[in-house]
Every structure is written in C-alpha cells, then in structure tokens.
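Reproduced below: model06.csv, with CSV, C-alpha atoms.
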```
chain,number,residue,atom,x,y,z
A,200,MET,CA,26.8,84.6,13.2
A,201,ASN,CA,26.8,80.8,12.3
A,202,ARG,CA,24.0,79.3,10.1
A,203,ALA,CA,22.0,76.3,11.5
A,204,ALA,CA,23.2,73.0,10.0
A,205,GLY,CA,20.8,70.3,8.6
A,206,PHE,CA,19.4,68.6,5.5
A,207,SER,CA,17.6,70.4,2.8
A,208,LEU,CA,14.2,69.0,1.6
A,209,ILE,CA,15.9,67.7,-1.6
A,210,GLU,CA,18.6,66.0,0.3
A,211,LEU,CA,16.0,64.3,2.6
A,212,MET,CA,14.0,63.1,-0.4
A,213,VAL,CA,17.1,61.7,-2.0
A,214,ALA,CA,18.0,59.9,1.2
A,215,ILE,CA,14.5,58.4,1.6
A,216,THR,CA,14.5,57.3,-2.0
A,217,ILE,CA,17.9,55.5,-1.7
A,218,SER,CA,16.7,53.9,1.6
A,219,LEU,CA,13.5,52.6,-0.1
A,220,ILE,CA,15.5,51.2,-3.0
A,221,LEU,CA,17.9,49.4,-0.6
A,222,SER,CA,15.0,48.1,1.5
A,223,GLY,CA,13.2,46.8,-1.6
A,224,ALA,CA,16.4,45.0,-2.7
A,225,VAL,CA,16.8,43.4,0.7
A,226,ILE,CA,13.2,42.4,0.8
A,227,SER,CA,13.4,41.0,-2.7
A,228,VAL,CA,16.5,38.9,-1.8
A,229,PHE,CA,14.7,37.7,1.4
A,230,VAL,CA,11.5,36.7,-0.5
A,231,GLY,CA,13.6,35.0,-3.2
A,232,SER,CA,15.6,33.1,-0.7
A,233,ARG,CA,12.5,32.1,1.2
A,234,GLN,CA,10.8,30.8,-2.0
A,235,SER,CA,14.0,29.0,-3.0
A,236,TYR,CA,14.2,27.4,0.4
A,237,GLN,CA,10.5,26.4,0.3
A,238,SER,CA,10.9,25.0,-3.2
A,239,THR,CA,14.0,23.0,-2.2
A,240,GLU,CA,12.4,21.7,0.9
A,241,GLY,CA,9.3,20.8,-1.1
A,242,VAL,CA,11.4,18.8,-3.6
A,243,GLY,CA,13.0,17.0,-0.7
A,244,ASP,CA,9.7,16.1,0.9
A,245,LEU,CA,8.3,15.1,-2.4
A,246,SER,CA,11.2,12.7,-3.2
A,247,ASP,CA,11.2,11.2,0.3
A,248,SER,CA,7.4,10.6,0.3
A,249,GLY,CA,7.5,8.9,-3.2
A,250,ARG,CA,10.5,6.7,-2.4
A,251,PHE,CA,9.2,5.7,1.0
A,252,ALA,CA,5.7,4.8,-0.4
A,253,LEU,CA,7.2,2.7,-3.2
A,254,ASP,CA,9.5,1.0,-0.7
A,255,LEU,CA,6.7,0.1,1.6
A,256,ILE,CA,4.5,-1.3,-1.2
A,257,GLY,CA,7.4,-3.1,-2.8
A,258,GLU,CA,8.4,-4.9,0.3
A,259,SER,CA,4.9,-6.3,0.7
A,260,VAL,CA,4.5,-7.1,-3.0
A,261,ARG,CA,7.7,-9.1,-3.2
A,262,SER,CA,6.6,-11.3,-0.3
A,263,ALA,CA,3.0,-11.7,-1.5
A,264,GLY,CA,1.8,-15.2,-2.2
A,265,ASN,CA,4.4,-16.9,-0.1
A,266,LEU,CA,2.7,-19.4,2.2
A,267,ALA,CA,5.0,-21.3,4.6
A,268,CYS,CA,7.6,-22.6,2.1
A,269,THR,CA,5.3,-22.7,-0.9
A,270,SER,CA,3.6,-20.2,-3.2
A,271,THR,CA,0.1,-19.5,-4.4
A,272,LEU,CA,1.6,-20.1,-7.9
A,273,LEU,CA,1.5,-23.8,-7.1
A,274,THR,CA,-1.5,-25.8,-8.5
A,275,GLN,CA,-1.5,-28.3,-5.6
A,276,ALA,CA,-3.2,-26.2,-3.0
A,277,ASP,CA,-6.4,-26.4,-0.9
A,278,THR,CA,-8.1,-24.4,1.8
A,279,LEU,CA,-10.2,-25.6,4.7
A,280,VAL,CA,-11.9,-22.3,5.1
A,281,THR,CA,-14.6,-20.9,2.9
A,282,ILE,CA,-13.8,-17.7,1.0
A,283,PRO,CA,-16.6,-15.3,1.6
A,284,THR,CA,-14.6,-12.1,1.9
A,285,VAL,CA,-11.3,-10.5,1.0
A,286,GLU,CA,-9.3,-11.5,4.1
A,287,ASN,CA,-9.0,-15.3,3.6
A,288,ASN,CA,-8.7,-15.9,-0.2
A,289,PHE,CA,-5.2,-17.4,0.3
A,290,LEU,CA,-5.4,-19.2,-3.0
A,291,GLN,CA,-4.6,-15.9,-4.6
A,292,GLY,CA,-1.7,-13.9,-3.3
A,293,VAL,CA,-2.6,-10.7,-5.1
A,294,THR,CA,-5.9,-9.2,-5.9
A,295,GLY,CA,-7.2,-5.7,-6.1
A,296,TYR,CA,-10.0,-3.2,-6.9
A,297,GLU,CA,-9.9,-1.0,-10.0
A,298,ALA,CA,-11.1,2.6,-9.6
A,299,ASN,CA,-13.9,3.2,-12.0
A,300,GLY,CA,-13.1,5.5,-14.9
A,301,THR,CA,-9.4,4.5,-15.0
A,302,GLY,CA,-7.5,2.0,-17.0
A,303,ASN,CA,-10.0,0.9,-19.7
A,304,PRO,CA,-7.6,1.0,-21.5
A,305,THR,CA,-6.9,4.6,-20.5
A,306,GLY,CA,-8.8,7.1,-18.4
A,307,ALA,CA,-8.9,10.7,-17.3
A,308,ILE,CA,-8.3,11.5,-13.7
A,309,ALA,CA,-9.2,14.9,-12.2
A,310,VAL,CA,-7.4,15.2,-8.9
A,311,PRO,CA,-9.6,17.2,-6.5
A,312,GLY,CA,-8.4,19.8,-4.2
A,313,THR,CA,-10.2,18.0,-1.4
A,314,PRO,CA,-10.3,14.2,-1.5
A,315,ALA,CA,-13.8,12.7,-2.0
A,316,VAL,CA,-14.8,9.6,0.0
A,317,GLY,CA,-15.8,6.8,-2.4
A,318,ALA,CA,-18.8,4.4,-2.2
A,319,ALA,CA,-18.4,0.6,-2.8
A,320,ASN,CA,-19.5,0.9,-6.4
A,321,ASP,CA,-16.7,3.4,-7.2
A,322,TRP,CA,-14.5,0.4,-7.7
A,323,SER,CA,-14.6,-2.8,-9.9
A,324,PRO,CA,-15.4,-5.2,-8.4
A,325,ASN,CA,-17.3,-3.4,-5.7
A,326,LEU,CA,-15.0,-2.5,-2.8
A,327,ASP,CA,-15.4,-5.1,0.0
A,328,ALA,CA,-17.3,-4.0,3.0
A,329,THR,CA,-14.5,-4.9,5.4
A,330,ILE,CA,-12.3,-2.4,3.6
A,331,SER,CA,-14.8,0.4,3.1
A,332,GLY,CA,-16.1,0.0,6.7
A,333,ALA,CA,-12.6,-0.1,8.4
A,334,ALA,CA,-12.6,3.6,9.2
A,335,VAL,CA,-14.8,6.5,9.9
A,336,GLY,CA,-13.4,9.9,9.1
A,337,VAL,CA,-9.6,9.6,8.8
A,338,GLY,CA,-8.7,6.6,6.7
A,339,GLN,CA,-11.9,6.4,4.6
A,340,PRO,CA,-11.0,5.2,1.1
A,341,VAL,CA,-11.1,8.0,-1.5
A,342,LYS,CA,-12.4,7.4,-5.0
A,343,GLY,CA,-10.3,7.6,-8.1
A,344,SER,CA,-7.4,5.5,-6.9
A,345,ASP,CA,-6.9,1.7,-7.1
A,346,VAL,CA,-6.8,-0.6,-4.1
A,347,LEU,CA,-4.2,-3.4,-3.6
A,348,VAL,CA,-4.7,-6.6,-1.6
A,349,LEU,CA,-1.8,-8.8,-0.7
A,350,ARG,CA,-1.8,-12.2,1.1
A,351,GLY,CA,1.0,-14.3,2.5
A,352,ASN,CA,3.0,-15.1,5.6
A,353,LEU,CA,2.5,-12.9,8.6
A,354,ALA,CA,5.5,-10.5,8.6
A,355,ARG,CA,8.3,-11.0,11.2
A,356,THR,CA,7.1,-14.4,12.4
A,357,ALA,CA,9.1,-17.7,12.1
A,358,PRO,CA,7.4,-20.9,11.2
A,359,VAL,CA,7.0,-24.0,13.4
A,360,TYR,CA,7.6,-27.6,12.4
A,361,THR,CA,5.5,-30.7,12.7
A,362,THR,CA,7.1,-33.1,15.1
A,363,LEU,CA,5.2,-36.2,13.9
A,364,ASP,CA,3.8,-37.4,10.6
A,365,VAL,CA,0.4,-35.9,9.9
A,366,ALA,CA,-2.2,-38.4,8.5
A,367,GLN,CA,-4.7,-37.4,5.9
A,368,GLY,CA,-7.9,-36.2,7.5
A,369,ALA,CA,-6.1,-35.1,10.7
A,370,THR,CA,-7.6,-32.2,12.6
A,371,SER,CA,-4.6,-31.4,14.8
A,372,VAL,CA,-0.8,-31.4,14.5
A,373,ASN,CA,2.0,-31.4,17.0
A,374,VAL,CA,4.6,-28.7,16.5
A,375,SER,CA,7.9,-27.4,17.7
A,376,PRO,CA,9.2,-25.0,18.9
A,377,ALA,CA,6.4,-23.5,21.1
A,378,PRO,CA,3.7,-22.0,18.7
A,379,THR,CA,3.7,-18.6,20.3
A,380,ALA,CA,2.9,-16.8,16.9
A,381,LEU,CA,-0.3,-18.8,16.4
A,382,GLN,CA,-3.6,-17.7,18.0
A,383,VAL,CA,-7.1,-19.1,18.0
A,384,SER,CA,-8.9,-18.0,14.8
A,385,GLN,CA,-5.7,-17.0,13.0
A,386,TYR,CA,-5.3,-18.2,9.5
A,387,ALA,CA,-2.3,-20.4,8.8
A,388,ALA,CA,-0.8,-22.7,6.2
A,389,ILE,CA,0.8,-26.1,6.5
A,390,SER,CA,3.3,-27.0,3.7
A,391,ASP,CA,6.0,-29.5,2.8
A,392,CYS,CA,7.3,-27.2,0.1
A,393,THR,CA,5.5,-29.1,-2.7
A,394,LYS,CA,1.9,-28.4,-1.6
A,395,TYR,CA,0.0,-26.4,1.0
A,396,VAL,CA,-3.3,-26.3,2.8
A,397,VAL,CA,-4.8,-23.1,4.4
A,398,PHE,CA,-6.7,-23.6,7.7
A,399,GLN,CA,-8.0,-21.7,10.7
A,400,VAL,CA,-6.5,-22.4,14.1
A,401,THR,CA,-9.1,-23.7,16.6
A,402,SER,CA,-6.7,-24.3,19.5
A,403,VAL,CA,-3.1,-23.8,20.5
A,404,GLY,CA,-1.2,-25.8,23.1
A,405,SER,CA,1.8,-24.6,25.0
A,406,GLY,CA,5.4,-25.6,24.9
A,407,ALA,CA,7.4,-27.6,22.4
A,408,GLY,CA,5.5,-30.5,20.9
A,409,ALA,CA,2.2,-28.7,21.6
A,410,ALA,CA,-0.9,-29.6,19.6
A,411,VAL,CA,-2.4,-27.0,17.2
A,412,GLY,CA,-6.1,-27.6,16.2
A,413,LEU,CA,-7.3,-27.3,12.6
A,414,ASN,CA,-10.9,-26.3,11.7
A,415,ALA,CA,-11.3,-29.4,9.5
A,416,GLY,CA,-9.5,-32.6,8.4
A,417,ILE,CA,-6.6,-31.9,5.9
A,418,PRO,CA,-6.9,-33.5,2.4
A,419,TRP,CA,-3.3,-34.7,2.3
A,420,GLY,CA,-0.8,-36.3,4.7
A,421,TYR,CA,2.4,-34.7,5.7
A,422,SER,CA,5.7,-36.1,7.0
A,423,ALA,CA,7.3,-34.8,10.1
A,424,GLY,CA,9.1,-31.5,9.5
A,425,ALA,CA,6.3,-29.8,7.5
A,426,LEU,CA,6.2,-26.1,8.1
A,427,ILE,CA,3.3,-24.2,9.6
A,428,GLN,CA,3.2,-20.4,9.3
A,429,PRO,CA,0.6,-17.8,10.3
A,430,LEU,CA,-0.9,-15.8,7.5
A,431,ALA,CA,-2.2,-12.3,7.0
A,432,THR,CA,-3.9,-10.1,4.5
A,433,THR,CA,-2.6,-6.5,3.9
A,434,VAL,CA,-4.4,-3.8,1.9
A,435,TYR,CA,-2.8,-0.6,0.5
A,436,TYR,CA,-5.1,2.2,-0.5
A,437,LEU,CA,-5.5,6.0,-0.5
A,438,GLY,CA,-7.7,7.4,2.2
A,439,VAL,CA,-8.5,10.7,3.9
A,440,GLY,CA,-5.4,11.7,5.9
A,441,SER,CA,-5.2,13.3,9.3
A,442,ASP,CA,-4.6,16.7,7.6
A,443,GLY,CA,-7.6,16.4,5.3
A,444,ASP,CA,-5.6,15.5,2.2
A,445,SER,CA,-5.3,12.0,0.7
A,446,ALA,CA,-2.6,9.7,2.1
A,447,LEU,CA,-1.3,6.2,1.7
A,448,PHE,CA,-2.9,3.9,4.2
A,449,ARG,CA,-2.4,0.2,5.2
A,450,LEU,CA,-4.9,-2.2,6.6
A,451,GLU,CA,-3.6,-5.4,8.2
A,452,GLN,CA,-5.5,-8.5,9.4
A,453,VAL,CA,-5.3,-8.7,13.2
A,454,ASN,CA,-4.6,-11.9,15.1
A,455,GLY,CA,-6.9,-13.8,17.4
A,456,PRO,CA,-10.6,-14.1,18.0
A,457,SER,CA,-11.4,-10.7,16.4
A,458,LEU,CA,-10.8,-12.2,12.9
A,459,PRO,CA,-11.8,-11.6,10.2
A,460,ASP,CA,-11.6,-7.9,11.0
A,461,PHE,CA,-8.8,-5.6,10.1
A,462,SER,CA,-6.8,-3.6,12.6
A,463,PRO,CA,-7.4,0.2,12.5
A,464,PRO,CA,-6.1,1.8,9.3
A,465,GLU,CA,-2.5,3.0,9.5
A,466,GLU,CA,-1.5,6.3,7.8
A,467,LEU,CA,1.8,5.7,6.2
A,468,VAL,CA,2.7,8.6,3.8
A,469,PRO,CA,0.8,11.9,3.5
A,470,ASP,CA,0.0,13.8,0.3
A,471,ILE,CA,-0.2,10.7,-2.0
A,472,GLU,CA,-2.9,12.0,-4.4
A,473,ASN,CA,-3.5,9.0,-6.7
A,474,MET,CA,-2.4,5.4,-7.1
A,475,GLN,CA,-2.8,3.3,-10.3
A,476,LEU,CA,-1.9,-0.3,-10.6
A,477,LEU,CA,-1.5,-2.9,-13.3
A,478,TYR,CA,-1.1,-6.6,-12.7
A,479,GLY,CA,1.4,-8.7,-14.6
A,480,ILE,CA,-0.2,-12.1,-15.3
A,481,ALA,CA,1.6,-15.2,-16.6
A,482,PRO,CA,0.4,-18.7,-17.7
A,483,THR,CA,1.2,-21.5,-15.2
A,484,GLY,CA,4.9,-22.4,-15.2
A,485,VAL,CA,5.9,-19.1,-16.9
A,486,PRO,CA,7.9,-16.8,-14.5
A,487,ALA,CA,7.5,-13.6,-16.6
A,488,ALA,CA,4.4,-11.5,-17.2
A,489,THR,CA,2.8,-11.9,-20.6
A,490,ALA,CA,0.3,-9.2,-20.1
A,491,TYR,CA,-0.5,-6.3,-17.8
A,492,VAL,CA,-4.1,-5.8,-16.9
A,493,THR,CA,-6.3,-3.9,-14.4
A,494,ALA,CA,-7.6,-5.5,-11.2
A,495,ASP,CA,-11.1,-6.2,-12.7
A,496,GLN,CA,-9.5,-8.2,-15.5
A,497,VAL,CA,-7.5,-10.6,-13.2
A,498,GLY,CA,-9.3,-14.0,-13.2
A,499,ALA,CA,-9.4,-16.4,-10.3
A,500,SER,CA,-7.1,-18.8,-12.1
A,501,ASP,CA,-4.6,-16.1,-13.3
A,502,ASN,CA,-1.1,-16.1,-11.8
A,503,VAL,CA,0.0,-12.5,-10.9
A,504,VAL,CA,3.8,-12.5,-11.0
A,505,SER,CA,4.5,-8.7,-11.0
A,506,ILE,CA,2.8,-5.4,-10.3
A,507,GLN,CA,3.3,-2.0,-11.9
A,508,VAL,CA,2.7,0.9,-9.4
A,509,ALA,CA,2.3,4.6,-10.3
A,510,LEU,CA,1.9,7.2,-7.5
A,511,LEU,CA,1.1,10.9,-7.9
A,512,VAL,CA,2.8,12.6,-5.0
A,513,ALA,CA,2.4,16.2,-3.9
A,514,SER,CA,4.7,18.3,-1.8
A,515,PRO,CA,3.4,20.2,1.3
A,516,PRO,CA,1.5,23.4,0.6
A,517,GLY,CA,3.6,26.6,-0.1
A,518,SER,CA,6.3,24.9,-2.1
A,519,LYS,CA,5.8,27.2,-5.1
A,520,PRO,CA,3.8,30.2,-6.2
A,521,PRO,CA,0.2,29.3,-7.2
A,522,GLN,CA,0.2,28.3,-10.9
A,523,ALA,CA,-1.2,25.7,-13.3
A,524,VAL,CA,0.6,22.3,-13.3
A,525,PRO,CA,1.1,20.0,-16.3
A,526,ASN,CA,-0.9,16.8,-16.8
A,527,PHE,CA,0.6,13.6,-15.4
A,528,ASN,CA,0.7,10.1,-16.9
A,529,LEU,CA,-0.3,7.4,-14.5
A,530,LEU,CA,0.0,4.1,-16.4
A,531,GLY,CA,-1.8,5.5,-19.4
A,532,ASN,CA,-4.3,7.6,-17.3
A,533,ALA,CA,-4.0,11.4,-17.9
A,534,ALA,CA,-4.2,13.1,-14.5
A,535,THR,CA,-4.9,16.8,-14.0
A,536,ALA,CA,-4.1,18.5,-10.7
A,537,PRO,CA,-5.6,21.6,-9.2
A,538,THR,CA,-3.9,25.0,-9.6
A,539,ASP,CA,-2.3,25.5,-6.3
A,540,ASN,CA,1.1,26.0,-4.5
A,541,ARG,CA,2.2,22.4,-4.5
A,542,LEU,CA,4.9,20.6,-6.4
A,543,ARG,CA,4.0,17.2,-7.9
A,544,LYS,CA,5.7,14.2,-9.4
A,545,VAL,CA,4.9,10.7,-10.6
A,546,PHE,CA,6.8,7.8,-9.0
A,547,PHE,CA,6.7,4.5,-10.9
A,548,ALA,CA,8.0,1.0,-10.2
A,549,THR,CA,7.6,-2.6,-11.6
A,550,ILE,CA,7.8,-5.0,-8.7
A,551,ASN,CA,8.2,-8.8,-9.1
A,552,LEU,CA,6.8,-11.3,-6.7
A,553,ARG,CA,9.8,-13.1,-5.2
A,554,ASP,CA,8.3,-16.6,-5.7
A,555,ALA,CA,7.6,-15.9,-9.3
A,556,VAL,CA,11.3,-15.3,-10.2
A,557,ASN,CA,12.9,-18.1,-8.2
```
What is this file in structure tokens?
Amino acid sequence: MNRAAGFSLIELMVAITISLILSGAVISVFVGSRQSYQSTEGVGDLSDSGRFALDLIGESVRSAGNLACTSTLLTQADTLVTIPTVENNFLQGVTGYEANGTGNPTGAIAVPGTPAVGAANDWSPNLDATISGAAVGVGQPVKGSDVLVLRGNLARTAPVYTTLDVAQGATSVNVSPAPTALQVSQYAAISDCTKYVVFQVTSVGSGAGAAVGLNAGIPWGYSAGALIQPLATTVYYLGVGSDGDSALFRLEQVNGPSLPDFSPPEELVPDIENMQLLYGIAPTGVPAATAYVTADQVGASDNVVSIQVALLVASPPGSKPPQAVPNFNLLGNAATAPTDNRLRKVFFATINLRDAVN
C-alpha cells in the first residue's frame, strides 16, 4: 500500500520563509531603483530649471539699457514723458526692489513650505502698484525675493530710420521702412548713436516715409538716418505658480493704447523658491563695477553695469526621502528650506550689460 505524497509542515514553513526572503529582496531592489530613478530625474529637473531661469534673465539683462543705438549709460539723454511709474523710466536701464530682511548687508531667509503673497511694503522701495496689481491668484508676487526691472529696446523688433532732417522742437518725424512695429501710446527712442530722446508715439502713418507723431517737441535736432526703436519694460519676479509653489514670472509692457499696463504675468520656470540680486555700479565712463549693492541702494544717477543673480531652485516633490536640508548661501543671505522630499541647489551668475563692456 503506497503512502500519500506531499509536504510536511516543516518543509512548507521553510518554503514560505524562503519565498518571503526572495520577495523582500525583489521589493527592496524595486524600491531602491525607484528612489534612484526619482533622485536622478529630480537632479535633471533641478539642473534644467536653474539653467533655463538664468538663461532667460541673462538674455534680458545683457540687452537692458540699450535704446535704439545708444545706451542709458550716456549722459546726453532726455525724455518727453513724465516718469510717474516703473514702466517709463527709460533714463535708467536697470532698477529693482529689495526684499525686506535680506541683503543689509546679510539676511536670514526662511523658505516657507507654501509661498506667502507679499504686500507693497515687503520691498524697498515699496513695490510699484502696477507690478503688485498685475495678477490675482496665480502670478501674485511672493515676499522674501527680490524683483528685477529692465528697460530697453522692444525684443525682436527692427528700428526705422528718419528720412529727413529733424529740427529741434519737431513733434513728428518721417521714417522708413513702414513703421509697423510702432503703435499709438508706445514708448520709443530716437537716437543718432551719440544722444537719445524717449517719447510716446501719438500717431503712426502707413508706408515708407510715413510720419510718426511725438508727444512733445524734441530738445535736439537730428540728421536724416537717425534710428527710432520701440521700447519696453520687463520685470522678473517670483510669484505664486499654477501648482501653488513659487515660480519665476515675467511681466512685459504691452503695445498700444492699453499702456502703461503690463501684459498678464507669464509663468516661466516652476519651483524657483528664492531670488536675490546685487547691482554692480560704476562711475560714469568706467566699464567695470566698483561696488555691488542692493536695489534700494542704487541711486538715480548710478550706472548699473552688471548684475549678480542667485536662485534657490527646488526639484519636483518626491525626489528624495523626507529629511532636513542644509542651509544655502544666496549672495550672503543664509536661506533655510523646509524638511521635505525635494532636492535643492543654488544657481549663481554675474551678468554684464552689453553696452557697459563695449
């Protein structure tokens, strides 16, 4: 008589134990691989965001202060428009707003888990109402980060040329080719590469040789061939992003009758948690910075020739296990970040204005 075949209880327990060990090993390898993948992906996102943000700011900074074929660094300059707000102070190519509690000479920055919207008096000088009021909800400026204002030629537009001599006191000029880039109420500059005048366009004719109206008589005469270029103001700041975290935003002056308003804020790079700026100033005629100061220390007659930018950039959530992160140095400011599952890194650059080094 044959005995029934099967596993004994001990053999079954041994098999289960071995299976559990193997399953645990497989799960451990899977979890480790997943964490490694998330960390690698987070490092890549972090690097891409930091480089992209610096590239965007750098491109605008290098062109700041260029008006037609001249520069705000020239002393022979005038403006036919009053300068009540941030958008039309084209006698200064670079200005900004310093976040209170930073940079005097050093500060302590506590990066919040959720960005806090700032009031006007959270910056020095007080943040201009046209910037703070540009957005509701997404795009509202967050406190603790500096704000950068750049002025110069409107990007991706070619100048037009005066076809006739322009007499002192003239209120219109004839230009060629057709002034399609100019619109009524747009700010513009006329320059012969030795001096410039900023004006507001009051009328625009059509076709080559068309007349362009100025809002007042110009103080100097110009020979035929002087350049006219539309101008714009661009603002870089950190605001509340579409995902609820802070992000790098840009405001640009719009063309046409809606001036002096800005276009809606444009979200450029997510997860930029802090931005600190220093402005390199130089005496007239000196192309290199002799001192770096905060925005509230830049005077109306100071020439800004370079800017130092420091950005604290975070990876997307889940890039590492939750743990405390080290302090970060942002141009002398000690920044502490929350304990969470993000990677962080500081990106830094010194950017020269192109006109200051020619």
Exercise for review: With a distance cut-off of 10 Å and only C-alpha atoms, select the neighbouring residues of Gly424 in chain A, excluding the residue or stretch itself and same-chain residues fewer than 5 positions from it, and output the selection as a ChimeraX atom specification.
Suggested key: /A:359-365,374-375,390-391
**Study point:** Within-10 Å shell of (9.3, -19.4, 12.7) in input frame, all atoms listed in the file, as a VMD selection string
**Key:** chain A and resid 267 355 to 360 375 to 380 426 to 429
Check your understanding: To one decimal place, how far is CA of Ser462 in chain A from CA of Leu450 in chain A in Å?
Key ->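 Taking CA of Ser462 in chain A and CA of Leu450 in chain A, their separation equals 6.4 Å.
Minimum atom-to-atom distances from A:Gly264, A:Gly416, A:Gly300, A:Pro464 to Val280 in chain A were compared using all atoms listed in the file, and the lowest value belongs to A:Gly416.
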Check your understanding: Could you state the separation of CA of Val293 in chain A and CA of Leu347 in chain A in Å, given to one decimal place?
Key ->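 Calculated distance between CA of Val293 in chain A and CA of Leu347 in chain A is 7.6 Å.
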Once you count all atoms listed in the file, what closest atom pair and distance in Å to one decimal does each residue of range 227-333 of chain A within 9 Å of range 470-475 of chain A have, with rows by chain and rising residue number, as a tab-separated table?
```
residue	atom	partner	partner_atom	distance
A:Leu245	CA	A:Asp470	CA	8.8
A:Ser248	CA	A:Ile471	CA	7.9
A:Gly249	CA	A:Ile471	CA	8.0
A:Ala252	CA	A:Ile471	CA	8.5
A:Glu297	CA	A:Gln475	CA	8.3
A:Ala298	CA	A:Gln475	CA	8.4
A:Thr301	CA	A:Gln475	CA	8.2
A:Gly302	CA	A:Gln475	CA	8.3
A:Ile308	CA	A:Asn473	CA	8.8
A:Val310	CA	A:Glu472	CA	7.1
A:Pro311	CA	A:Glu472	CA	8.7
A:Pro314	CA	A:Glu472	CA	8.2
```
Review point. What does the distance between CA of Ser246 in chain A and CA of Leu511 in chain A come to in Å, to one decimal place?
Key: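 Separation between CA of Ser246 in chain A and CA of Leu511 in chain A: 11.3 Å.
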Check your understanding: For Glu258 in chain A, which residue among A:Val492, A:Thr535, A:Ala354, A:Asn373 is the nearest when counting all atoms listed in the file?
Key ->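 Closest candidate: A:Ala354.
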Exercise for review: Point out the residue among A:Val346, A:Leu530, A:Leu437, A:Leu290 with the least atom-to-atom distance to Ala499 in chain A, counting all atoms listed in the file.
Suggested key: A:Leu290
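Closest to Tyr421 in chain A among A:Ser262, A:Gln507, A:Ser371, A:Thr489 is A:Ser371, based on all atoms listed in the file.
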Check your understanding: Which one of A:Val337, A:Ala214, A:Leu326, A:Ala224 sits closest to Asp495 in chain A if you count all atoms listed in the file?
Key ->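 Comparing A:Val337, A:Ala214, A:Leu326, A:Ala224 against Asp495 in chain A, the winner is A:Leu326.
Considering the residues A:Val545, A:Ala407, A:Val396, A:Ala431 and counting only C-alpha atoms, Leu349 in chain A has its shortest atom-to-atom contact with A:Ala431.
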Review point. Using only C-alpha atoms, which residues sit within 12 Å of range 550-553 of chain A once same-chain residues fewer than 2 positions away are excluded, as number ranges by chain?
Key: A: 253-265, 269-272, 292-293, 349-351, 476-481, 486-488, 502-509, 547-548, 555-557
Could you please take those selected residues and save C-alpha atoms as a compact mmCIF listing (two decimals), in the coordinates of the input?
```
# COMPACT_ATOMS: atom_id res chain seq x y z
CA LEU A 253 7.20 2.70 -3.20
CA ASP A 254 9.50 1.00 -0.70
CA LEU A 255 6.70 0.10 1.60
CA ILE A 256 4.50 -1.30 -1.20
CA GLY A 257 7.40 -3.10 -2.80
CA GLU A 258 8.40 -4.90 0.30
CA SER A 259 4.90 -6.30 0.70
CA VAL A 260 4.50 -7.10 -3.00
CA ARG A 261 7.70 -9.10 -3.20
CA SER A 262 6.60 -11.30 -0.30
CA ALA A 263 3.00 -11.70 -1.50
CA GLY A 264 1.80 -15.20 -2.20
CA ASN A 265 4.40 -16.90 -0.10
CA THR A 269 5.30 -22.70 -0.90
CA SER A 270 3.60 -20.20 -3.20
CA THR A 271 0.10 -19.50 -4.40
CA LEU A 272 1.60 -20.10 -7.90
CA GLY A 292 -1.70 -13.90 -3.30
CA VAL A 293 -2.60 -10.70 -5.10
CA LEU A 349 -1.80 -8.80 -0.70
CA ARG A 350 -1.80 -12.20 1.10
CA GLY A 351 1.00 -14.30 2.50
CA LEU A 476 -1.90 -0.30 -10.60
CA LEU A 477 -1.50 -2.90 -13.30
CA TYR A 478 -1.10 -6.60 -12.70
CA GLY A 479 1.40 -8.70 -14.60
CA ILE A 480 -0.20 -12.10 -15.30
CA ALA A 481 1.60 -15.20 -16.60
CA PRO A 486 7.90 -16.80 -14.50
CA ALA A 487 7.50 -13.60 -16.60
CA ALA A 488 4.40 -11.50 -17.20
CA ASN A 502 -1.10 -16.10 -11.80
CA VAL A 503 0.00 -12.50 -10.90
CA VAL A 504 3.80 -12.50 -11.00
CA SER A 505 4.50 -8.70 -11.00
CA ILE A 506 2.80 -5.40 -10.30
CA GLN A 507 3.30 -2.00 -11.90
CA VAL A 508 2.70 0.90 -9.40
CA ALA A 509 2.30 4.60 -10.30
CA PHE A 547 6.70 4.50 -10.90
CA ALA A 548 8.00 1.00 -10.20
CA ALA A 555 7.60 -15.90 -9.30
CA VAL A 556 11.30 -15.30 -10.20
CA ASN A 557 12.90 -18.10 -8.20
```
For Gly438 in chain A: contacts at 7 Å, all atoms listed in the file, fewer than 6 positions along chain excluded, given as a PDB file with C-alpha atoms, in the frame of the given file:
```pdb
ATOM      1  CA  GLY A 338      -8.700   6.600   6.700  1.00  0.00           C
ATOM      2  CA  GLN A 339     -11.900   6.400   4.600  1.00  0.00           C
ATOM      3  CA  PRO A 340     -11.000   5.200   1.100  1.00  0.00           C
ATOM      4  CA  VAL A 341     -11.100   8.000  -1.500  1.00  0.00           C
ATOM      5  CA  SER A 445      -5.300  12.000   0.700  1.00  0.00           C
ATOM      6  CA  ALA A 446      -2.600   9.700   2.100  1.00  0.00           C
ATOM      7  CA  LEU A 447      -1.300   6.200   1.700  1.00  0.00           C
ATOM      8  CA  PHE A 448      -2.900   3.900   4.200  1.00  0.00           C
TER       9      PHE A 448
END
```
